[in-house]
$ cat protein.cif   # mmCIF, C-alpha atoms, pLDDT in the B column; chains and numbers go by the auth columns
data_input
loop_
_atom_site.group_PDB
_atom_site.id
_atom_site.type_symbol
_atom_site.label_atom_id
_atom_site.label_comp_id
_atom_site.label_asym_id
_atom_site.label_seq_id
_atom_site.Cartn_x
_atom_site.Cartn_y
_atom_site.Cartn_z
_atom_site.B_iso_or_equiv
_atom_site.auth_seq_id
_atom_site.auth_asym_id
ATOM 1 C CA MET A 1 151.938 140.424 82.015 41.00 19 J
ATOM 2 C CA LEU A 2 151.874 136.647 82.208 34.00 20 J
ATOM 3 C CA CYS A 3 148.259 136.733 83.311 38.00 21 J
ATOM 4 C CA ALA A 4 147.325 138.961 80.400 39.00 22 J
ATOM 5 C CA ALA A 5 149.103 136.658 77.985 40.00 23 J
ATOM 6 C CA PHE A 6 147.259 133.661 79.439 36.00 24 J
ATOM 7 C CA GLU A 7 143.896 135.421 79.092 46.00 25 J
ATOM 8 C CA ALA A 8 144.697 136.395 75.518 46.00 26 J
ATOM 9 C CA ARG A 9 145.575 132.797 74.685 51.00 27 J
ATOM 10 C CA ALA A 10 142.368 131.595 76.298 51.00 28 J
ATOM 11 C CA ASP A 11 140.346 134.091 74.273 58.00 29 J
ATOM 12 C CA THR A 12 142.080 132.973 71.099 67.00 30 J
ATOM 13 C CA GLU A 13 141.366 129.309 71.796 75.00 31 J
ATOM 14 C CA ALA A 14 137.724 130.066 72.618 73.00 32 J
ATOM 15 C CA CYS A 15 137.359 132.098 69.452 75.00 33 J
ATOM 16 C CA ALA A 16 139.002 129.324 67.435 78.00 34 J
ATOM 17 C CA ARG A 17 136.460 126.836 68.798 81.00 35 J
ATOM 18 C CA VAL A 18 133.610 129.175 67.901 81.00 36 J
ATOM 19 C CA LEU A 19 135.072 129.604 64.437 83.00 37 J
ATOM 20 C CA GLU A 20 135.354 125.851 63.992 86.00 38 J
ATOM 21 C CA ARG A 21 131.757 125.217 65.131 87.00 39 J
ATOM 22 C CA ALA A 22 130.485 127.943 62.845 87.00 40 J
ATOM 23 C CA ARG A 23 132.313 126.458 59.878 87.00 41 J
ATOM 24 C CA ASP A 24 130.917 123.002 60.704 89.00 42 J
ATOM 25 C CA ALA A 25 127.408 124.456 60.889 89.00 43 J
ATOM 26 C CA ARG A 26 127.869 126.114 57.519 88.00 44 J
ATOM 27 C CA ALA A 27 129.089 122.854 56.016 88.00 45 J
ATOM 28 C CA ALA A 28 125.936 121.189 57.360 89.00 46 J
ATOM 29 C CA GLY A 29 123.771 123.757 55.585 88.00 47 J
ATOM 30 C CA LYS A 30 122.882 125.679 58.764 90.00 48 J
ATOM 31 C CA LEU A 31 124.213 128.993 57.583 90.00 49 J
ATOM 32 C CA GLN A 32 121.992 131.168 59.776 90.00 50 J
ATOM 33 C CA ASP A 33 123.036 129.213 62.857 90.00 51 J
ATOM 34 C CA ALA A 34 126.682 129.528 61.836 89.00 52 J
ATOM 35 C CA LEU A 35 126.358 133.295 61.505 87.00 53 J
ATOM 36 C CA ALA A 36 124.677 133.497 64.905 86.00 54 J
ATOM 37 C CA GLN A 37 127.570 131.580 66.477 84.00 55 J
ATOM 38 C CA MET A 38 130.067 133.954 64.893 81.00 56 J
ATOM 39 C CA SER A 39 128.554 136.825 66.884 75.00 57 J
ATOM 40 C CA ALA A 40 130.309 135.353 69.938 68.00 58 J
ATOM 41 C CA CYS A 41 133.703 135.731 68.302 66.00 59 J
ATOM 42 C CA THR A 42 134.391 139.374 69.206 62.00 60 J
ATOM 43 C CA GLU A 43 136.956 139.309 72.017 61.00 61 J
ATOM 44 C CA CYS A 44 139.906 137.852 70.159 64.00 62 J
ATOM 45 C CA PRO A 45 142.393 140.327 68.652 65.00 63 J
ATOM 46 C CA ALA A 46 144.521 137.553 67.228 64.00 64 J
ATOM 47 C CA LEU A 47 141.688 136.140 65.094 68.00 65 J
ATOM 48 C CA ALA A 48 139.739 139.366 64.614 73.00 66 J
ATOM 49 C CA ASP A 49 140.501 139.631 60.896 80.00 67 J
ATOM 50 C CA VAL A 50 139.689 135.963 60.299 79.00 68 J
ATOM 51 C CA CYS A 51 136.413 136.261 62.191 80.00 69 J
ATOM 52 C CA ASP A 52 135.445 139.461 60.354 83.00 70 J
ATOM 53 C CA GLN A 53 136.150 137.864 56.988 85.00 71 J
ATOM 54 C CA THR A 54 134.221 134.737 57.953 85.00 72 J
ATOM 55 C CA ARG A 55 131.213 136.751 59.107 85.00 73 J
ATOM 56 C CA ALA A 56 131.256 138.827 55.909 87.00 74 J
ATOM 57 C CA SER A 57 131.484 135.665 53.816 89.00 75 J
ATOM 58 C CA MET A 58 128.556 134.085 55.647 89.00 76 J
ATOM 59 C CA ARG A 59 126.391 137.180 55.322 89.00 77 J
ATOM 60 C CA ALA A 60 127.066 137.329 51.605 91.00 78 J
ATOM 61 C CA ALA A 61 126.268 133.631 51.287 92.00 79 J
ATOM 62 C CA LEU A 62 122.857 133.871 52.967 93.00 80 J
ATOM 63 C CA PRO A 63 120.253 133.127 50.259 94.00 81 J
ATOM 64 C CA THR A 64 116.811 134.685 49.980 95.00 82 J
ATOM 65 C CA LEU A 65 113.606 133.282 48.542 95.00 83 J
ATOM 66 C CA SER A 66 110.652 135.257 47.253 93.00 84 J
ATOM 67 C CA VAL A 67 107.428 133.493 46.314 92.00 85 J
ATOM 68 C CA ARG A 68 104.449 134.839 44.415 89.00 86 J
ATOM 69 C CA ALA A 69 101.201 133.137 43.561 88.00 87 J
ATOM 70 C CA ARG A 70 99.860 133.659 40.074 85.00 88 J
ATOM 71 C CA ALA A 71 97.074 132.527 37.802 81.00 89 J
ATOM 72 C CA CYS A 72 97.630 130.660 34.552 75.00 90 J
ATOM 73 C CA ASP A 73 97.595 133.941 32.632 72.00 91 J
ATOM 74 C CA GLY A 74 100.366 135.387 34.806 75.00 92 J
ATOM 75 C CA THR A 75 98.152 137.587 36.975 77.00 93 J
ATOM 76 C CA THR A 76 99.527 137.951 40.506 80.00 94 J
ATOM 77 C CA LEU A 77 97.069 136.598 43.065 81.00 95 J
ATOM 78 C CA ASP A 78 96.444 137.752 46.611 81.00 96 J
ATOM 79 C CA ALA A 79 97.087 134.304 48.060 85.00 97 J
ATOM 80 C CA ILE A 80 98.495 133.211 51.410 89.00 98 J
ATOM 81 C CA VAL A 81 102.074 132.081 50.787 92.00 99 J
ATOM 82 C CA THR A 82 104.140 130.089 53.276 93.00 100 J
ATOM 83 C CA ILE A 83 107.752 128.909 53.215 93.00 101 J
ATOM 84 C CA ASP A 84 108.466 125.923 55.444 93.00 102 J
ATOM 85 C CA GLY A 85 105.185 126.613 57.235 90.00 103 J
ATOM 86 C CA ASP A 86 105.841 130.294 57.955 92.00 104 J
ATOM 87 C CA VAL A 87 103.825 133.014 56.220 91.00 105 J
ATOM 88 C CA ALA A 88 105.985 134.935 53.744 90.00 106 J
ATOM 89 C CA THR A 89 104.825 138.332 52.509 86.00 107 J
ATOM 90 C CA SER A 90 108.192 139.340 51.038 87.00 108 J
ATOM 91 C CA ALA A 91 111.652 137.922 50.351 91.00 109 J
ATOM 92 C CA VAL A 92 112.774 135.610 53.173 93.00 110 J
ATOM 93 C CA THR A 93 116.350 135.022 54.279 93.00 111 J
ATOM 94 C CA LEU A 94 116.937 131.330 54.922 93.00 112 J
ATOM 95 C CA ASP A 95 119.457 128.512 54.876 94.00 113 J
ATOM 96 C CA PRO A 96 120.571 127.008 51.578 93.00 114 J
ATOM 97 C CA GLY A 97 118.974 123.743 50.570 93.00 115 J
ATOM 98 C CA ARG A 98 115.443 122.429 50.169 94.00 116 J
ATOM 99 C CA HIS A 99 112.382 124.432 51.183 95.00 117 J
ATOM 100 C CA ASP A 100 108.669 123.680 50.962 94.00 118 J
ATOM 101 C CA VAL A 101 106.524 126.395 49.428 94.00 119 J
ATOM 102 C CA ARG A 102 102.732 126.521 49.700 92.00 120 J
ATOM 103 C CA ALA A 103 100.145 128.921 48.258 91.00 121 J
ATOM 104 C CA VAL A 104 96.533 128.947 49.414 89.00 122 J
ATOM 105 C CA MET A 105 93.674 130.874 47.846 82.00 123 J
ATOM 106 C CA GLY A 106 90.185 129.954 48.929 77.00 124 J
ATOM 107 C CA ARG A 107 89.966 126.186 48.661 80.00 125 J
ATOM 108 C CA ARG A 108 92.777 125.995 46.144 83.00 126 J
ATOM 109 C CA VAL A 109 96.143 124.801 47.488 87.00 127 J
ATOM 110 C CA GLU A 110 99.343 124.452 45.494 88.00 128 J
ATOM 111 C CA GLU A 111 102.643 123.151 46.863 91.00 129 J
ATOM 112 C CA GLN A 112 106.150 123.207 45.468 92.00 130 J
ATOM 113 C CA THR A 113 109.639 122.178 46.552 93.00 131 J
ATOM 114 C CA VAL A 114 112.366 124.750 45.953 93.00 132 J
ATOM 115 C CA PHE A 115 116.152 124.428 46.244 94.00 133 J
ATOM 116 C CA VAL A 116 118.308 127.494 46.868 94.00 134 J
ATOM 117 C CA ALA A 117 122.081 127.655 46.893 93.00 135 J
ATOM 118 C CA GLU A 118 124.399 129.819 48.962 92.00 136 J
ATOM 119 C CA GLY A 119 124.322 133.407 47.821 92.00 137 J
ATOM 120 C CA GLU A 120 121.295 132.833 45.593 94.00 138 J
ATOM 121 C CA HIS A 121 118.399 135.296 45.577 94.00 139 J
ATOM 122 C CA LYS A 122 115.610 133.322 43.985 94.00 140 J
ATOM 123 C CA THR A 123 112.067 134.278 43.017 92.00 141 J
ATOM 124 C CA VAL A 124 109.598 131.504 42.206 93.00 142 J
ATOM 125 C CA SER A 125 105.989 131.511 41.070 90.00 143 J
ATOM 126 C CA VAL A 126 103.390 129.056 42.275 89.00 144 J
ATOM 127 C CA VAL A 127 100.608 128.666 39.727 87.00 145 J
ATOM 128 C CA ILE A 128 97.108 128.268 41.139 83.00 146 J
ATOM 129 C CA ALA A 129 94.966 126.729 38.431 76.00 147 J
ATOM 130 C CA ASP A 130 91.288 127.694 38.424 69.00 148 J
ATOM 131 C CA ALA A 131 91.910 130.401 40.992 62.00 149 J
ATOM 132 C CA PRO A 132 88.639 131.808 42.362 63.00 150 J
ATOM 133 C CA ARG A 133 87.558 135.122 40.899 67.00 151 J
ATOM 134 C CA PRO A 134 85.135 137.370 42.778 70.00 152 J
ATOM 135 C CA THR A 135 81.791 138.063 41.156 75.00 153 J
ATOM 136 C CA PRO A 136 81.505 141.747 40.179 76.00 154 J
ATOM 137 C CA PRO A 137 78.575 143.579 41.849 79.00 155 J
ATOM 138 C CA GLY A 138 77.345 144.516 38.377 80.00 156 J
ATOM 139 C CA VAL A 139 76.476 140.886 37.723 80.00 157 J
ATOM 140 C CA TRP A 140 73.962 140.890 40.565 83.00 158 J
ATOM 141 C CA VAL A 141 72.495 144.213 39.423 84.00 159 J
ATOM 142 C CA LEU A 142 72.115 142.994 35.849 83.00 160 J
ATOM 143 C CA SER A 143 70.666 139.677 37.008 86.00 161 J
ATOM 144 C CA ALA A 144 68.077 141.486 39.138 87.00 162 J
ATOM 145 C CA ALA A 145 67.160 143.724 36.192 86.00 163 J
ATOM 146 C CA ALA A 146 66.805 140.676 33.920 85.00 164 J
ATOM 147 C CA ALA A 147 64.593 138.956 36.474 87.00 165 J
ATOM 148 C CA GLY A 148 62.427 142.072 36.785 87.00 166 J
ATOM 149 C CA ALA A 149 62.023 142.325 33.012 83.00 167 J
ATOM 150 C CA LEU A 150 61.179 138.627 32.831 86.00 168 J
ATOM 151 C CA VAL A 151 58.486 138.984 35.498 86.00 169 J
ATOM 152 C CA THR A 152 57.084 142.005 33.682 87.00 170 J
ATOM 153 C CA SER A 153 57.010 140.013 30.455 84.00 171 J
ATOM 154 C CA GLY A 154 55.139 137.189 32.144 84.00 172 J
ATOM 155 C CA VAL A 155 52.576 139.561 33.630 84.00 173 J
ATOM 156 C CA LEU A 156 51.977 141.271 30.291 81.00 174 J
ATOM 157 C CA PHE A 157 51.635 137.963 28.493 80.00 175 J
ATOM 158 C CA GLY A 158 49.176 136.851 31.145 80.00 176 J
ATOM 159 C CA VAL A 159 47.075 139.999 30.787 79.00 177 J
ATOM 160 C CA SER A 160 47.156 139.701 27.006 75.00 178 J
ATOM 161 C CA ALA A 161 46.020 136.084 27.158 76.00 179 J
ATOM 162 C CA SER A 162 43.204 136.932 29.560 76.00 180 J
ATOM 163 C CA LEU A 163 41.672 139.508 27.242 69.00 181 J
ATOM 164 C CA PRO A 164 38.947 138.256 24.887 67.00 182 J
ATOM 165 C CA ASP A 165 39.962 137.854 21.271 63.00 183 J
ATOM 166 C CA ARG A 166 38.147 139.111 18.181 56.00 184 J
ATOM 167 C CA SER A 167 36.030 135.973 17.716 53.00 185 J
ATOM 168 C CA THR A 168 34.730 136.261 21.280 51.00 186 J
ATOM 169 C CA LEU A 169 33.898 139.929 20.900 50.00 187 J
ATOM 170 C CA ILE A 170 31.961 139.632 17.576 49.00 188 J
ATOM 171 C CA PRO A 171 28.650 138.447 19.100 51.00 189 J
ATOM 172 C CA ALA A 172 28.835 141.014 21.886 50.00 190 J
ATOM 173 C CA VAL A 173 29.730 144.029 19.807 49.00 191 J
ATOM 174 C CA SER A 174 28.350 143.257 16.395 49.00 192 J
ATOM 175 C CA ALA A 175 26.602 146.606 16.399 50.00 193 J
ATOM 176 C CA ASN A 176 29.664 148.490 17.644 50.00 194 J
ATOM 177 C CA GLY A 177 32.712 147.990 15.444 49.00 195 J
ATOM 178 C CA GLU A 178 34.680 150.644 17.328 51.00 196 J
ATOM 179 C CA ALA A 179 34.610 148.685 20.607 51.00 197 J
ATOM 180 C CA LEU A 180 35.807 145.594 18.770 51.00 198 J
ATOM 181 C CA VAL A 181 38.808 147.419 17.293 53.00 199 J
ATOM 182 C CA THR A 182 39.742 149.021 20.641 62.00 200 J
ATOM 183 C CA ALA A 183 39.694 145.726 22.557 60.00 201 J
ATOM 184 C CA ASP A 184 41.697 143.977 19.864 66.00 202 J
ATOM 185 C CA ALA A 185 44.352 146.745 19.854 70.00 203 J
ATOM 186 C CA THR A 186 44.648 146.596 23.648 75.00 204 J
ATOM 187 C CA LYS A 187 45.261 142.848 23.526 73.00 205 J
ATOM 188 C CA ARG A 188 47.874 143.363 20.831 77.00 206 J
ATOM 189 C CA ASP A 189 49.609 146.149 22.808 78.00 207 J
ATOM 190 C CA PHE A 190 49.950 143.949 25.859 76.00 208 J
ATOM 191 C CA ALA A 191 51.408 141.147 23.734 80.00 209 J
ATOM 192 C CA VAL A 192 53.901 143.519 22.105 81.00 210 J
ATOM 193 C CA GLY A 193 54.884 144.928 25.500 82.00 211 J
ATOM 194 C CA ALA A 194 55.402 141.399 26.806 81.00 212 J
ATOM 195 C CA GLY A 195 57.645 140.581 23.839 84.00 213 J
ATOM 196 C CA VAL A 196 59.707 143.716 24.351 85.00 214 J
ATOM 197 C CA ALA A 197 60.118 142.970 28.077 84.00 215 J
ATOM 198 C CA LEU A 198 61.191 139.425 27.252 84.00 216 J
ATOM 199 C CA ALA A 199 63.778 140.671 24.735 87.00 217 J
ATOM 200 C CA VAL A 200 65.128 143.153 27.281 86.00 218 J
ATOM 201 C CA SER A 201 65.336 140.399 29.889 86.00 219 J
ATOM 202 C CA MET A 202 67.293 138.100 27.579 88.00 220 J
ATOM 203 C CA THR A 203 69.648 140.917 26.502 88.00 221 J
ATOM 204 C CA VAL A 204 70.415 141.942 30.078 86.00 222 J
ATOM 205 C CA LEU A 205 70.852 138.306 31.113 86.00 223 J
ATOM 206 C CA VAL A 206 73.352 137.695 28.310 88.00 224 J
ATOM 207 C CA THR A 207 75.215 140.871 29.336 87.00 225 J
ATOM 208 C CA ALA A 208 75.384 139.639 32.937 82.00 226 J
ATOM 209 C CA LEU A 209 76.737 136.298 31.732 84.00 227 J
ATOM 210 C CA VAL A 210 79.448 137.993 29.654 83.00 228 J
ATOM 211 C CA VAL A 211 80.464 140.178 32.607 79.00 229 J
ATOM 212 C CA TYR A 212 80.622 137.104 34.851 76.00 230 J
ATOM 213 C CA LEU A 213 82.675 135.005 32.432 75.00 231 J
ATOM 214 C CA THR A 214 85.160 137.816 31.780 72.00 232 J
ATOM 215 C CA ARG A 215 85.474 138.914 35.416 69.00 233 J
ATOM 216 C CA PRO A 216 89.072 139.686 36.410 64.00 234 J
ATOM 217 C CA PHE A 217 91.221 137.909 38.965 60.00 235 J
ATOM 218 C CA PRO A 218 91.739 139.594 42.347 57.00 236 J
ATOM 219 C CA GLN A 219 93.911 142.704 42.317 53.00 237 J
ATOM 220 C CA PRO A 220 97.662 142.041 42.695 46.00 238 J
ATOM 221 C CA LYS A 221 99.236 142.532 46.085 48.00 239 J
ATOM 222 C CA SER A 222 101.056 145.799 46.561 44.00 240 J
ATOM 223 C CA SER A 223 104.802 145.629 46.082 42.00 241 J
ATOM 224 C CA ASP A 224 105.660 147.658 49.224 41.00 242 J
#

$ encode --input "protein.cif" --output "structure tokens"
Amino acid sequence: MLCAAFEARADTEACARVLERARDARAAGKLQDALAQMSACTECPALADVCDQTRASMRAALPTLSVRARACDGTTLDAIVTIDGDVATSAVTLDPGRHDVRAVMGRRVEEQTVFVAEGEHKTVSVVIADAPRPTPPGVWVLSAAAAGALVTSGVLFGVSASLPDRSTLIPAVSANGEALVTADATKRDFAVGAGVALAVSMTVLVTALVVYLTRPFPQPKSSD
């Protein structure tokens, strides 16, 4: 009986020391460490209620931090987000106090300092100005079509310019007015075709530019 009482007292004293260290750790802002220390306080019937209440209080006091990267217009970006150097893809449980947040997208890097209090569940946004936006495939297709139309226009203009004009044909076909009219119409047709191809090229090029300038930001990350 005496031995059992001595062991019980020893357990109580050990548990009291654990409880004291855990409370000191919490006071120092190391709440996760304090909660980990409290896991050792399980063999003490005398302080069981106190330990259970302390553990519950510490669990409830653990803060969380969720970080999202967004563009200036509020669009959520698929950026790499870190909290205190560790990649964070969802809400992170951490100690209260100061934390360094970083968002990286391409060559753009934005950093922010965040403070969280005990029991706080905070969500912050890191704005990435001038976030890169992927070029839609349609831009390349339209650009290729514009280039093709421009080349066609140049070829047609070249052919039209190489054909003899009316003044050149007069001495050669003075006795054949029909040949003169046919050659002149052919030259005109090539010139008209070249103008149409040039107009098409400019229209398609402007369309490609509009598509490029209004291209969307990357799709938001899933909220799984």

$ residues_around --input "protein.cif" --residues "segment 143-148 of chain J" --least-positions-apart "3" --cutoff "6 Å" --atoms "all atoms listed in the file" --output "JSON, numbers by chain"
{"J": [85, 86, 87, 88, 89]}

$ resolve_selection --input "protein.cif" --expression "the PyMOL selection byres ((chain J and resi 174) around 9)" --output "ChimeraX atom specification"
/J:169-173,175-179,208-213,215

$ atom_distance --input "protein.cif" --atom1 "atom CA of Arg35 of chain J" --atom2 "atom CA of Val110 of chain J"
29.7 Å

$ closest_residue --input "protein.cif" --among "J:Ala135, J:Leu160, J:Ala226, J:Met56" --to "Ala43 of chain J" --atoms "all atoms listed in the file"
J:Met56

$ atom_distance --input "protein.cif" --atom1 "atom CA of Gly92 of chain J" --atom2 "atom CA of Arg126 of chain J"
16.6 Å

$ closest_residue --input "protein.cif" --among "J:Thr94, J:Lys48, J:Leu83, J:Ala34" --to "Ala106 of chain J" --atoms "only C-alpha atoms"
J:Leu83

$ atom_distance --input "protein.cif" --atom1 "atom CA of Ala164 of chain J" --atom2 "atom CA of Thr204 of chain J"
25.1 Å

$ closest_residue --input "protein.cif" --among "J:Thr93, J:Thr72, J:Thr100, J:Thr141" --to "Ala121 of chain J" --atoms "all atoms listed in the file"
J:Thr100

$ resolve_selection --input "protein.cif" --expression "the PyMOL selection byres ((chain J and resi 118-120) around 9)" --output "PyMOL selection string"
chain J and resi 85+98-103+116-117+121-122+127-133+144

$ write_last_selection --input "protein.cif" --atoms "C-alpha atoms" --output "compact mmCIF listing (two decimals), keeping the file's coordinate frame"
# COMPACT_ATOMS: atom_id res chain seq x y z
CA VAL J 85 107.43 133.49 46.31
CA ILE J 98 98.50 133.21 51.41
CA VAL J 99 102.07 132.08 50.79
CA THR J 100 104.14 130.09 53.28
CA ILE J 101 107.75 128.91 53.22
CA ASP J 102 108.47 125.92 55.44
CA GLY J 103 105.18 126.61 57.24
CA ARG J 116 115.44 122.43 50.17
CA HIS J 117 112.38 124.43 51.18
CA ALA J 121 100.14 128.92 48.26
CA VAL J 122 96.53 128.95 49.41
CA VAL J 127 96.14 124.80 47.49
CA GLU J 128 99.34 124.45 45.49
CA GLU J 129 102.64 123.15 46.86
CA GLN J 130 106.15 123.21 45.47
CA THR J 131 109.64 122.18 46.55
CA VAL J 132 112.37 124.75 45.95
CA PHE J 133 116.15 124.43 46.24
CA VAL J 144 103.39 129.06 42.28

$ residues_around --input "protein.cif" --residues "segment 50-54 of chain J" --least-positions-apart "2" --cutoff "9 Å" --atoms "only C-alpha atoms" --output "tab-separated table (two decimals) with C-alpha atoms, in the coordinates of the input"
chain	number	residue	atom	x	y	z
J	37	LEU	CA	135.07	129.60	64.44
J	39	ARG	CA	131.76	125.22	65.13
J	40	ALA	CA	130.49	127.94	62.84
J	41	ARG	CA	132.31	126.46	59.88
J	42	ASP	CA	130.92	123.00	60.70
J	43	ALA	CA	127.41	124.46	60.89
J	44	ARG	CA	127.87	126.11	57.52
J	47	GLY	CA	123.77	123.76	55.58
J	48	LYS	CA	122.88	125.68	58.76
J	56	MET	CA	130.07	133.95	64.89
J	57	SER	CA	128.55	136.82	66.88
J	58	ALA	CA	130.31	135.35	69.94
J	72	THR	CA	134.22	134.74	57.95
J	73	ARG	CA	131.21	136.75	59.11
J	76	MET	CA	128.56	134.08	55.65
J	77	ARG	CA	126.39	137.18	55.32
J	80	LEU	CA	122.86	133.87	52.97
J	111	THR	CA	116.35	135.02	54.28
J	112	LEU	CA	116.94	131.33	54.92
J	113	ASP	CA	119.46	128.51	54.88

$ residues_around --input "protein.cif" --residues "Trp158 of chain J" --least-positions-apart "4" --cutoff "12 Å" --atoms "all atoms listed in the file" --output "short mmCIF file (atom, residue, chain, number, x, y, z; two decimals) with C-alpha atoms, in the frame of the given file"
data_model
loop_
_atom_site.label_atom_id
_atom_site.label_comp_id
_atom_site.auth_asym_id
_atom_site.auth_seq_id
_atom_site.Cartn_x
_atom_site.Cartn_y
_atom_site.Cartn_z
CA PRO J 152 85.14 137.37 42.78
CA THR J 153 81.79 138.06 41.16
CA PRO J 154 81.50 141.75 40.18
CA ALA J 162 68.08 141.49 39.14
CA ALA J 163 67.16 143.72 36.19
CA ALA J 164 66.81 140.68 33.92
CA ALA J 165 64.59 138.96 36.47
CA VAL J 222 70.42 141.94 30.08
CA LEU J 223 70.85 138.31 31.11
CA THR J 225 75.22 140.87 29.34
CA ALA J 226 75.38 139.64 32.94
CA LEU J 227 76.74 136.30 31.73
CA VAL J 229 80.46 140.18 32.61
CA TYR J 230 80.62 137.10 34.85
#

$ axis_aligned_box --input "protein.cif" --around "segment 71-85 of chain J" --padding-each-side "4 Å" --output "lines of an AutoDock Vina configuration file"
center_x = 121.8
center_y = 136.0
center_z = 52.7
size_x = 36.7
size_y = 13.7
size_z = 20.8
